[in-house]
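Undergrad: To be precise about what I am sending: the file is called run24.txt and holds compact mmCIF, N, CA and C atoms.
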# COMPACT_ATOMS: atom_id res chain seq x y z
N MET A 1 4.85 68.18 -56.56
CA MET A 1 4.27 68.71 -55.36
C MET A 1 3.28 69.82 -55.72
N LYS A 2 2.10 69.74 -55.15
CA LYS A 2 1.08 70.75 -55.37
C LYS A 2 1.26 71.87 -54.34
N LEU A 3 1.19 73.10 -54.82
CA LEU A 3 1.33 74.23 -53.90
C LEU A 3 0.13 74.34 -52.99
N ASP A 4 0.39 74.60 -51.73
CA ASP A 4 -0.65 74.80 -50.75
C ASP A 4 -1.39 76.10 -51.03
N LYS A 5 -2.66 76.15 -50.68
CA LYS A 5 -3.47 77.35 -50.93
C LYS A 5 -2.92 78.57 -50.19
N VAL A 6 -2.37 78.34 -49.01
CA VAL A 6 -1.83 79.45 -48.23
C VAL A 6 -0.62 80.07 -48.94
N VAL A 7 0.24 79.24 -49.50
CA VAL A 7 1.41 79.73 -50.22
C VAL A 7 0.96 80.56 -51.43
N VAL A 8 0.01 80.04 -52.17
CA VAL A 8 -0.49 80.75 -53.36
C VAL A 8 -1.11 82.08 -52.95
N LYS A 9 -1.90 82.07 -51.88
CA LYS A 9 -2.57 83.29 -51.41
C LYS A 9 -1.54 84.35 -50.98
N GLU A 10 -0.53 83.94 -50.24
CA GLU A 10 0.48 84.89 -49.78
C GLU A 10 1.30 85.45 -50.94
N VAL A 11 1.61 84.60 -51.92
CA VAL A 11 2.34 85.08 -53.10
C VAL A 11 1.49 86.10 -53.86
N LYS A 12 0.20 85.84 -53.97
CA LYS A 12 -0.69 86.80 -54.65
C LYS A 12 -0.73 88.13 -53.92
N TYR A 13 -0.91 88.08 -52.59
CA TYR A 13 -0.94 89.32 -51.81
C TYR A 13 0.36 90.10 -51.95
N MET A 14 1.49 89.38 -51.86
CA MET A 14 2.77 90.05 -51.97
C MET A 14 2.97 90.63 -53.37
N SER A 15 2.51 89.92 -54.39
CA SER A 15 2.63 90.41 -55.77
C SER A 15 1.83 91.69 -55.97
N ILE A 16 0.63 91.71 -55.45
CA ILE A 16 -0.21 92.90 -55.58
C ILE A 16 0.42 94.09 -54.85
N ALA A 17 0.91 93.85 -53.64
CA ALA A 17 1.56 94.92 -52.89
C ALA A 17 2.80 95.41 -53.63
N PHE A 18 3.54 94.50 -54.23
CA PHE A 18 4.74 94.89 -54.95
C PHE A 18 4.41 95.74 -56.16
N VAL A 19 3.33 95.42 -56.85
CA VAL A 19 2.90 96.24 -57.98
C VAL A 19 2.55 97.65 -57.50
N CYS A 20 1.88 97.74 -56.36
CA CYS A 20 1.55 99.06 -55.80
C CYS A 20 2.80 99.85 -55.47
N PHE A 21 3.78 99.20 -54.83
CA PHE A 21 5.04 99.88 -54.53
C PHE A 21 5.74 100.31 -55.81
N SER A 22 5.72 99.47 -56.82
CA SER A 22 6.38 99.77 -58.09
C SER A 22 5.73 100.96 -58.78
N VAL A 23 4.40 101.02 -58.74
CA VAL A 23 3.69 102.16 -59.34
C VAL A 23 4.09 103.44 -58.61
N LEU A 24 4.20 103.37 -57.30
CA LEU A 24 4.63 104.54 -56.51
C LEU A 24 6.04 104.97 -56.92
N VAL A 25 6.93 104.03 -57.11
CA VAL A 25 8.30 104.35 -57.55
C VAL A 25 8.28 104.98 -58.94
N GLN A 26 7.44 104.44 -59.83
CA GLN A 26 7.33 105.01 -61.18
C GLN A 26 6.89 106.47 -61.10
N ILE A 27 5.90 106.74 -60.26
CA ILE A 27 5.38 108.10 -60.11
C ILE A 27 6.45 109.03 -59.54
N ILE A 28 7.22 108.54 -58.55
CA ILE A 28 8.27 109.37 -57.95
C ILE A 28 9.34 109.70 -58.99
N PHE A 29 9.78 108.70 -59.75
CA PHE A 29 10.79 108.95 -60.77
C PHE A 29 10.26 109.91 -61.84
N LEU A 30 8.98 109.78 -62.18
CA LEU A 30 8.37 110.69 -63.16
C LEU A 30 8.31 112.11 -62.61
N ALA A 31 7.96 112.23 -61.33
CA ALA A 31 7.82 113.55 -60.70
C ALA A 31 9.17 114.28 -60.60
N VAL A 32 10.25 113.54 -60.36
CA VAL A 32 11.55 114.20 -60.25
C VAL A 32 12.26 114.33 -61.59
N GLY A 33 11.62 113.86 -62.65
CA GLY A 33 12.17 114.01 -63.99
C GLY A 33 13.26 113.02 -64.36
N LYS A 34 13.34 111.93 -63.66
CA LYS A 34 14.38 110.91 -63.93
C LYS A 34 13.80 109.64 -64.53
N TYR A 35 12.57 109.71 -65.02
CA TYR A 35 11.93 108.50 -65.54
C TYR A 35 12.41 108.18 -66.95
N ASN A 36 12.71 106.90 -67.17
CA ASN A 36 12.97 106.38 -68.51
C ASN A 36 12.63 104.88 -68.50
N TYR A 37 12.86 104.22 -69.59
CA TYR A 37 12.47 102.81 -69.70
C TYR A 37 13.21 101.92 -68.70
N THR A 38 14.39 102.33 -68.23
CA THR A 38 15.14 101.49 -67.28
C THR A 38 14.44 101.40 -65.93
N VAL A 39 13.68 102.42 -65.59
CA VAL A 39 12.93 102.40 -64.33
C VAL A 39 11.84 101.33 -64.40
N LEU A 40 11.12 101.30 -65.50
CA LEU A 40 10.08 100.29 -65.69
C LEU A 40 10.68 98.89 -65.73
N LEU A 41 11.75 98.71 -66.50
CA LEU A 41 12.38 97.39 -66.59
C LEU A 41 12.98 96.96 -65.25
N GLY A 42 13.53 97.90 -64.50
CA GLY A 42 14.05 97.59 -63.17
C GLY A 42 12.96 97.15 -62.22
N SER A 43 11.79 97.77 -62.32
CA SER A 43 10.65 97.37 -61.49
C SER A 43 10.17 95.97 -61.84
N ILE A 44 10.07 95.69 -63.12
CA ILE A 44 9.63 94.36 -63.56
C ILE A 44 10.63 93.30 -63.12
N TYR A 45 11.90 93.58 -63.32
CA TYR A 45 12.96 92.64 -62.93
C TYR A 45 12.95 92.42 -61.42
N GLY A 46 12.84 93.50 -60.66
CA GLY A 46 12.79 93.39 -59.20
C GLY A 46 11.57 92.62 -58.73
N TRP A 47 10.43 92.85 -59.39
CA TRP A 47 9.21 92.12 -59.04
C TRP A 47 9.40 90.63 -59.25
N ILE A 48 9.99 90.26 -60.37
CA ILE A 48 10.24 88.84 -60.66
C ILE A 48 11.14 88.23 -59.60
N LEU A 49 12.22 88.93 -59.25
CA LEU A 49 13.14 88.42 -58.23
C LEU A 49 12.45 88.24 -56.88
N ALA A 50 11.70 89.24 -56.47
CA ALA A 50 11.04 89.18 -55.16
C ALA A 50 9.99 88.08 -55.11
N VAL A 51 9.19 87.96 -56.16
CA VAL A 51 8.14 86.95 -56.17
C VAL A 51 8.73 85.54 -56.21
N LEU A 52 9.74 85.34 -57.04
CA LEU A 52 10.37 84.01 -57.10
C LEU A 52 11.04 83.65 -55.78
N ASN A 53 11.71 84.61 -55.16
CA ASN A 53 12.33 84.36 -53.86
C ASN A 53 11.28 83.94 -52.84
N PHE A 54 10.19 84.67 -52.80
CA PHE A 54 9.14 84.36 -51.83
C PHE A 54 8.45 83.03 -52.15
N LEU A 55 8.25 82.76 -53.42
CA LEU A 55 7.64 81.50 -53.83
C LEU A 55 8.51 80.32 -53.42
N PHE A 56 9.82 80.42 -53.66
CA PHE A 56 10.72 79.34 -53.27
C PHE A 56 10.78 79.18 -51.76
N LEU A 57 10.67 80.27 -51.03
CA LEU A 57 10.59 80.18 -49.57
C LEU A 57 9.34 79.41 -49.15
N GLY A 58 8.21 79.75 -49.76
CA GLY A 58 6.96 79.06 -49.44
C GLY A 58 7.01 77.58 -49.77
N ILE A 59 7.61 77.24 -50.90
CA ILE A 59 7.73 75.83 -51.29
C ILE A 59 8.61 75.09 -50.28
N THR A 60 9.70 75.72 -49.86
CA THR A 60 10.59 75.09 -48.89
C THR A 60 9.89 74.84 -47.56
N ILE A 61 9.16 75.82 -47.08
CA ILE A 61 8.45 75.68 -45.81
C ILE A 61 7.37 74.61 -45.93
N GLN A 62 6.66 74.61 -47.04
CA GLN A 62 5.63 73.60 -47.25
C GLN A 62 6.24 72.20 -47.24
N LYS A 63 7.36 72.04 -47.90
CA LYS A 63 8.04 70.74 -47.94
C LYS A 63 8.55 70.37 -46.55
N ALA A 64 9.08 71.34 -45.82
CA ALA A 64 9.64 71.08 -44.49
C ALA A 64 8.59 70.61 -43.50
N LEU A 65 7.37 71.06 -43.68
CA LEU A 65 6.30 70.66 -42.76
C LEU A 65 5.96 69.17 -42.85
N SER A 66 6.35 68.55 -43.96
CA SER A 66 6.04 67.13 -44.12
C SER A 66 7.27 66.24 -43.86
N GLN A 67 8.35 66.82 -43.31
CA GLN A 67 9.57 66.06 -43.05
C GLN A 67 9.83 65.96 -41.55
N ASP A 68 10.79 65.10 -41.22
CA ASP A 68 11.20 65.06 -39.82
C ASP A 68 12.00 66.34 -39.53
N PRO A 69 12.06 66.77 -38.27
CA PRO A 69 12.66 68.06 -37.93
C PRO A 69 14.12 68.25 -38.38
N GLU A 70 14.94 67.22 -38.27
CA GLU A 70 16.34 67.37 -38.68
C GLU A 70 16.48 67.58 -40.18
N GLU A 71 15.73 66.80 -40.95
CA GLU A 71 15.77 66.93 -42.42
C GLU A 71 15.20 68.29 -42.83
N ALA A 72 14.15 68.72 -42.16
CA ALA A 72 13.54 70.02 -42.47
C ALA A 72 14.52 71.15 -42.18
N LYS A 73 15.20 71.06 -41.06
CA LYS A 73 16.18 72.08 -40.69
C LYS A 73 17.28 72.19 -41.74
N LYS A 74 17.76 71.04 -42.21
CA LYS A 74 18.80 71.00 -43.24
C LYS A 74 18.30 71.61 -44.55
N ASP A 75 17.09 71.24 -44.96
CA ASP A 75 16.53 71.76 -46.20
C ASP A 75 16.30 73.27 -46.14
N ILE A 76 15.84 73.75 -44.99
CA ILE A 76 15.59 75.19 -44.85
C ILE A 76 16.91 75.96 -44.91
N ARG A 77 17.94 75.45 -44.27
CA ARG A 77 19.26 76.11 -44.33
C ARG A 77 19.79 76.14 -45.76
N TYR A 78 19.69 75.01 -46.45
CA TYR A 78 20.16 74.94 -47.84
C TYR A 78 19.37 75.91 -48.71
N SER A 79 18.06 75.92 -48.55
CA SER A 79 17.21 76.81 -49.34
C SER A 79 17.58 78.28 -49.09
N TYR A 80 17.80 78.62 -47.83
CA TYR A 80 18.15 80.00 -47.48
C TYR A 80 19.45 80.39 -48.18
N ARG A 81 20.46 79.54 -48.08
CA ARG A 81 21.75 79.85 -48.71
C ARG A 81 21.61 79.97 -50.23
N PHE A 82 20.87 79.04 -50.82
CA PHE A 82 20.67 79.07 -52.27
C PHE A 82 19.92 80.32 -52.70
N ARG A 83 18.86 80.68 -51.97
CA ARG A 83 18.08 81.86 -52.34
C ARG A 83 18.89 83.14 -52.20
N ILE A 84 19.66 83.25 -51.12
CA ILE A 84 20.48 84.45 -50.91
C ILE A 84 21.56 84.56 -51.99
N LEU A 85 22.23 83.45 -52.27
CA LEU A 85 23.26 83.46 -53.31
C LEU A 85 22.65 83.82 -54.67
N SER A 86 21.50 83.24 -54.97
CA SER A 86 20.83 83.55 -56.23
C SER A 86 20.44 85.03 -56.30
N LEU A 87 19.91 85.55 -55.19
CA LEU A 87 19.55 86.97 -55.17
C LEU A 87 20.77 87.85 -55.39
N VAL A 88 21.88 87.52 -54.75
CA VAL A 88 23.10 88.31 -54.92
C VAL A 88 23.51 88.34 -56.40
N VAL A 89 23.49 87.17 -57.03
CA VAL A 89 23.90 87.08 -58.43
C VAL A 89 22.95 87.88 -59.33
N PHE A 90 21.64 87.66 -59.15
CA PHE A 90 20.67 88.33 -60.03
C PHE A 90 20.54 89.82 -59.75
N VAL A 91 20.70 90.23 -58.51
CA VAL A 91 20.67 91.66 -58.21
C VAL A 91 21.93 92.32 -58.78
N ALA A 92 23.06 91.64 -58.68
CA ALA A 92 24.29 92.18 -59.27
C ALA A 92 24.12 92.36 -60.78
N LEU A 93 23.48 91.40 -61.42
CA LEU A 93 23.19 91.54 -62.86
C LEU A 93 22.29 92.75 -63.11
N GLY A 94 21.27 92.90 -62.25
CA GLY A 94 20.36 94.02 -62.40
C GLY A 94 21.02 95.37 -62.20
N VAL A 95 22.05 95.40 -61.35
CA VAL A 95 22.77 96.64 -61.10
C VAL A 95 23.76 96.93 -62.23
N VAL A 96 24.40 95.89 -62.75
CA VAL A 96 25.45 96.06 -63.76
C VAL A 96 24.87 96.30 -65.16
N LEU A 97 23.82 95.59 -65.51
CA LEU A 97 23.26 95.73 -66.86
C LEU A 97 22.60 97.10 -67.03
N PRO A 98 22.92 97.79 -68.11
CA PRO A 98 22.40 99.15 -68.29
C PRO A 98 20.90 99.22 -68.64
N ILE A 99 20.27 98.09 -68.91
CA ILE A 99 18.84 98.15 -69.25
C ILE A 99 17.95 98.25 -68.01
N PHE A 100 18.55 98.08 -66.81
CA PHE A 100 17.79 98.20 -65.56
C PHE A 100 18.29 99.39 -64.76
N ASN A 101 17.38 100.07 -64.10
CA ASN A 101 17.76 101.13 -63.19
C ASN A 101 18.21 100.47 -61.88
N ALA A 102 19.46 100.68 -61.51
CA ALA A 102 20.05 100.00 -60.34
C ALA A 102 19.33 100.35 -59.05
N VAL A 103 18.92 101.60 -58.89
CA VAL A 103 18.23 102.01 -57.66
C VAL A 103 16.91 101.26 -57.51
N VAL A 104 16.18 101.13 -58.60
CA VAL A 104 14.89 100.44 -58.56
C VAL A 104 15.09 98.96 -58.26
N VAL A 105 16.10 98.35 -58.86
CA VAL A 105 16.37 96.93 -58.59
C VAL A 105 16.71 96.73 -57.11
N LEU A 106 17.52 97.61 -56.55
CA LEU A 106 17.87 97.50 -55.13
C LEU A 106 16.68 97.77 -54.22
N LEU A 107 15.83 98.71 -54.63
CA LEU A 107 14.61 98.98 -53.84
C LEU A 107 13.69 97.76 -53.80
N SER A 108 13.73 96.96 -54.84
CA SER A 108 12.85 95.79 -54.88
C SER A 108 13.15 94.80 -53.76
N LEU A 109 14.34 94.87 -53.21
CA LEU A 109 14.68 93.99 -52.09
C LEU A 109 14.03 94.46 -50.79
N VAL A 110 13.66 95.72 -50.74
CA VAL A 110 13.07 96.29 -49.53
C VAL A 110 11.55 96.14 -49.51
N PHE A 111 10.92 96.11 -50.67
CA PHE A 111 9.47 96.09 -50.75
C PHE A 111 8.81 94.95 -49.97
N PRO A 112 9.29 93.71 -50.07
CA PRO A 112 8.63 92.65 -49.30
C PRO A 112 8.69 92.90 -47.79
N LYS A 113 9.78 93.46 -47.31
CA LYS A 113 9.89 93.75 -45.87
C LYS A 113 8.89 94.83 -45.46
N ILE A 114 8.74 95.85 -46.29
CA ILE A 114 7.76 96.90 -46.00
C ILE A 114 6.36 96.31 -46.01
N TYR A 115 6.08 95.46 -46.98
CA TYR A 115 4.76 94.84 -47.07
C TYR A 115 4.44 94.06 -45.80
N TYR A 116 5.35 93.23 -45.36
CA TYR A 116 5.07 92.41 -44.18
C TYR A 116 5.06 93.21 -42.89
N MET A 117 5.66 94.38 -42.89
CA MET A 117 5.60 95.23 -41.72
C MET A 117 4.20 95.85 -41.59
N PHE A 118 3.60 96.21 -42.72
CA PHE A 118 2.32 96.91 -42.69
C PHE A 118 1.12 96.05 -43.08
N SER A 119 1.33 94.82 -43.49
CA SER A 119 0.20 93.99 -43.95
C SER A 119 -0.86 93.74 -42.87
N PRO A 120 -0.51 93.62 -41.60
CA PRO A 120 -1.59 93.43 -40.61
C PRO A 120 -2.56 94.60 -40.52
N ILE A 121 -2.12 95.76 -40.95
CA ILE A 121 -3.01 96.93 -40.93
C ILE A 121 -4.08 96.80 -42.01
N PHE A 122 -3.71 96.26 -43.18
CA PHE A 122 -4.60 96.24 -44.32
C PHE A 122 -5.34 94.92 -44.53
N ARG A 123 -4.82 93.85 -43.97
CA ARG A 123 -5.43 92.54 -44.20
C ARG A 123 -6.23 92.11 -42.98
N LYS A 124 -7.50 91.84 -43.21
CA LYS A 124 -8.38 91.45 -42.12
C LYS A 124 -8.06 90.06 -41.57
N ASP A 125 -7.52 89.18 -42.42
CA ASP A 125 -7.22 87.82 -41.98
C ASP A 125 -5.99 87.74 -41.08
N LEU A 126 -5.25 88.83 -40.94
CA LEU A 126 -4.07 88.83 -40.07
C LEU A 126 -4.32 89.56 -38.74
N LYS A 127 -5.51 90.11 -38.56
CA LYS A 127 -5.81 90.86 -37.33
C LYS A 127 -6.19 89.93 -36.21
Kindly present the structure from the file in structure tokens form.
TA:
Amino acid sequence: MKLDKVVVKEVKYMSIAFVCFSVLVQIIFLAVGKYNYTVLLGSIYGWILAVLNFLFLGITIQKALSQDPEEAKKDIRYSYRFRILSLVVFVALGVVLPIFNAVVVLLSLVFPKIYYMFSPIFRKDLK
């Protein structure tokens, strides 16, 4: 299956916004004197989790648009459960493993929500 241009575009926008949020977190940790390599690794790990979650959501929606409504509904429910379970497992790993800063990994779950709350302000194509 070829990814739709809209899915690719949204993943790019979200990735860029996530990098901006991560840089802000790096600066805050540096300013309060709590910066170390785990903050950077936690940001990278959180970015990967958020982008993959969003990408899989986009793929599911794209696939659902070409199915009958009942099959699409089933696939979307399955995808949601799988993505949430996967996030729980990988975030738990990010919190437990000492190479990641747990606060930064947990913050990575909030960044996409913040982005979509404020994206209409910054993106002309959503106005």
Undergrad: Considering only C-alpha atoms, state which residue in the set A:Leu109, A:Val104, A:Leu52, A:Val6 is at the smallest distance from A:Asn36.
TA: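 Among the listed residues, the smallest separation from A:Asn36 belongs to A:Val104.
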Undergrad: Give me, as a ChimeraX atom specification, all polymer residues having an atom no more than 8 Å from A:Ala50, counting only N, CA and C atoms and skipping those fewer than 3 positions away in the same chain.
TA: /A:14-15,44-47,53-56,108-109,112
Undergrad: Might you pull out every residue within 9 Å of stretch 63-75 of chain A, with only C-alpha atoms counted and same-chain residues fewer than 5 positions away left off, and present them as number ranges by chain?
TA: A: 1, 58, 80
Undergrad: Expressed in Å to a single decimal, how great is the separation between atom CA of A:Ala17 and atom CA of A:Phe111?
TA: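 Value for the atom CA of A:Ala17-atom CA of A:Phe111 distance: 8.3 Å.
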Undergrad: As a PyMOL selection string, please: every residue in chain A that DSSP puts in alpha helix (DSSP H).
TA: chain A and resi 5-31+37-64+69-96+102-107+111-122
Undergrad: Enter the distance from atom C of A:Ser119 to atom CA of A:Tyr13, in Å, rounded to one decimal.
TA: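 Here the two named atoms are 10.0 Å from each other.
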Undergrad: So, counting only N, CA and C atoms, which residue among A:Leu87, A:Leu24, A:Val11, A:Val105 is closest to A:Ser43?
TA: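 Once distances to A:Ser43 are computed over only N, CA and C atoms, the minimum belongs to A:Val105.
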Undergrad: May I ask which of the residues A:Gly42, A:Ile16, A:Leu57, A:Val8 is the closest one to A:Ser79, counting only C-alpha atoms?
TA: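 The shortest atom-to-atom distance to A:Ser79 comes from A:Leu57.
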Undergrad: Mind giving me the straight-line distance from atom CA of A:Tyr35 to atom CA of A:Phe122 in Å, one decimal?
TA: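 Between these atoms lies a distance of 29.6 Å.
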Undergrad: Starting from 5 Å padding per side, set up an axis-aligned box that covers all listed atoms of stretch 43-53 of chain A and hand over centre and edge lengths in Å, one decimal, as lines of an AutoDock Vina configuration file.
TA:
center_x = 10.6
center_y = 90.7
center_z = -58.2
size_x = 15.0
size_y = 24.1
size_z = 20.7
Undergrad: Between A:Leu30, A:Leu40, A:Ile59, A:Val19, which one has atoms that come closest to A:Val7, using only N, CA and C atoms?
TA: A:Ile59
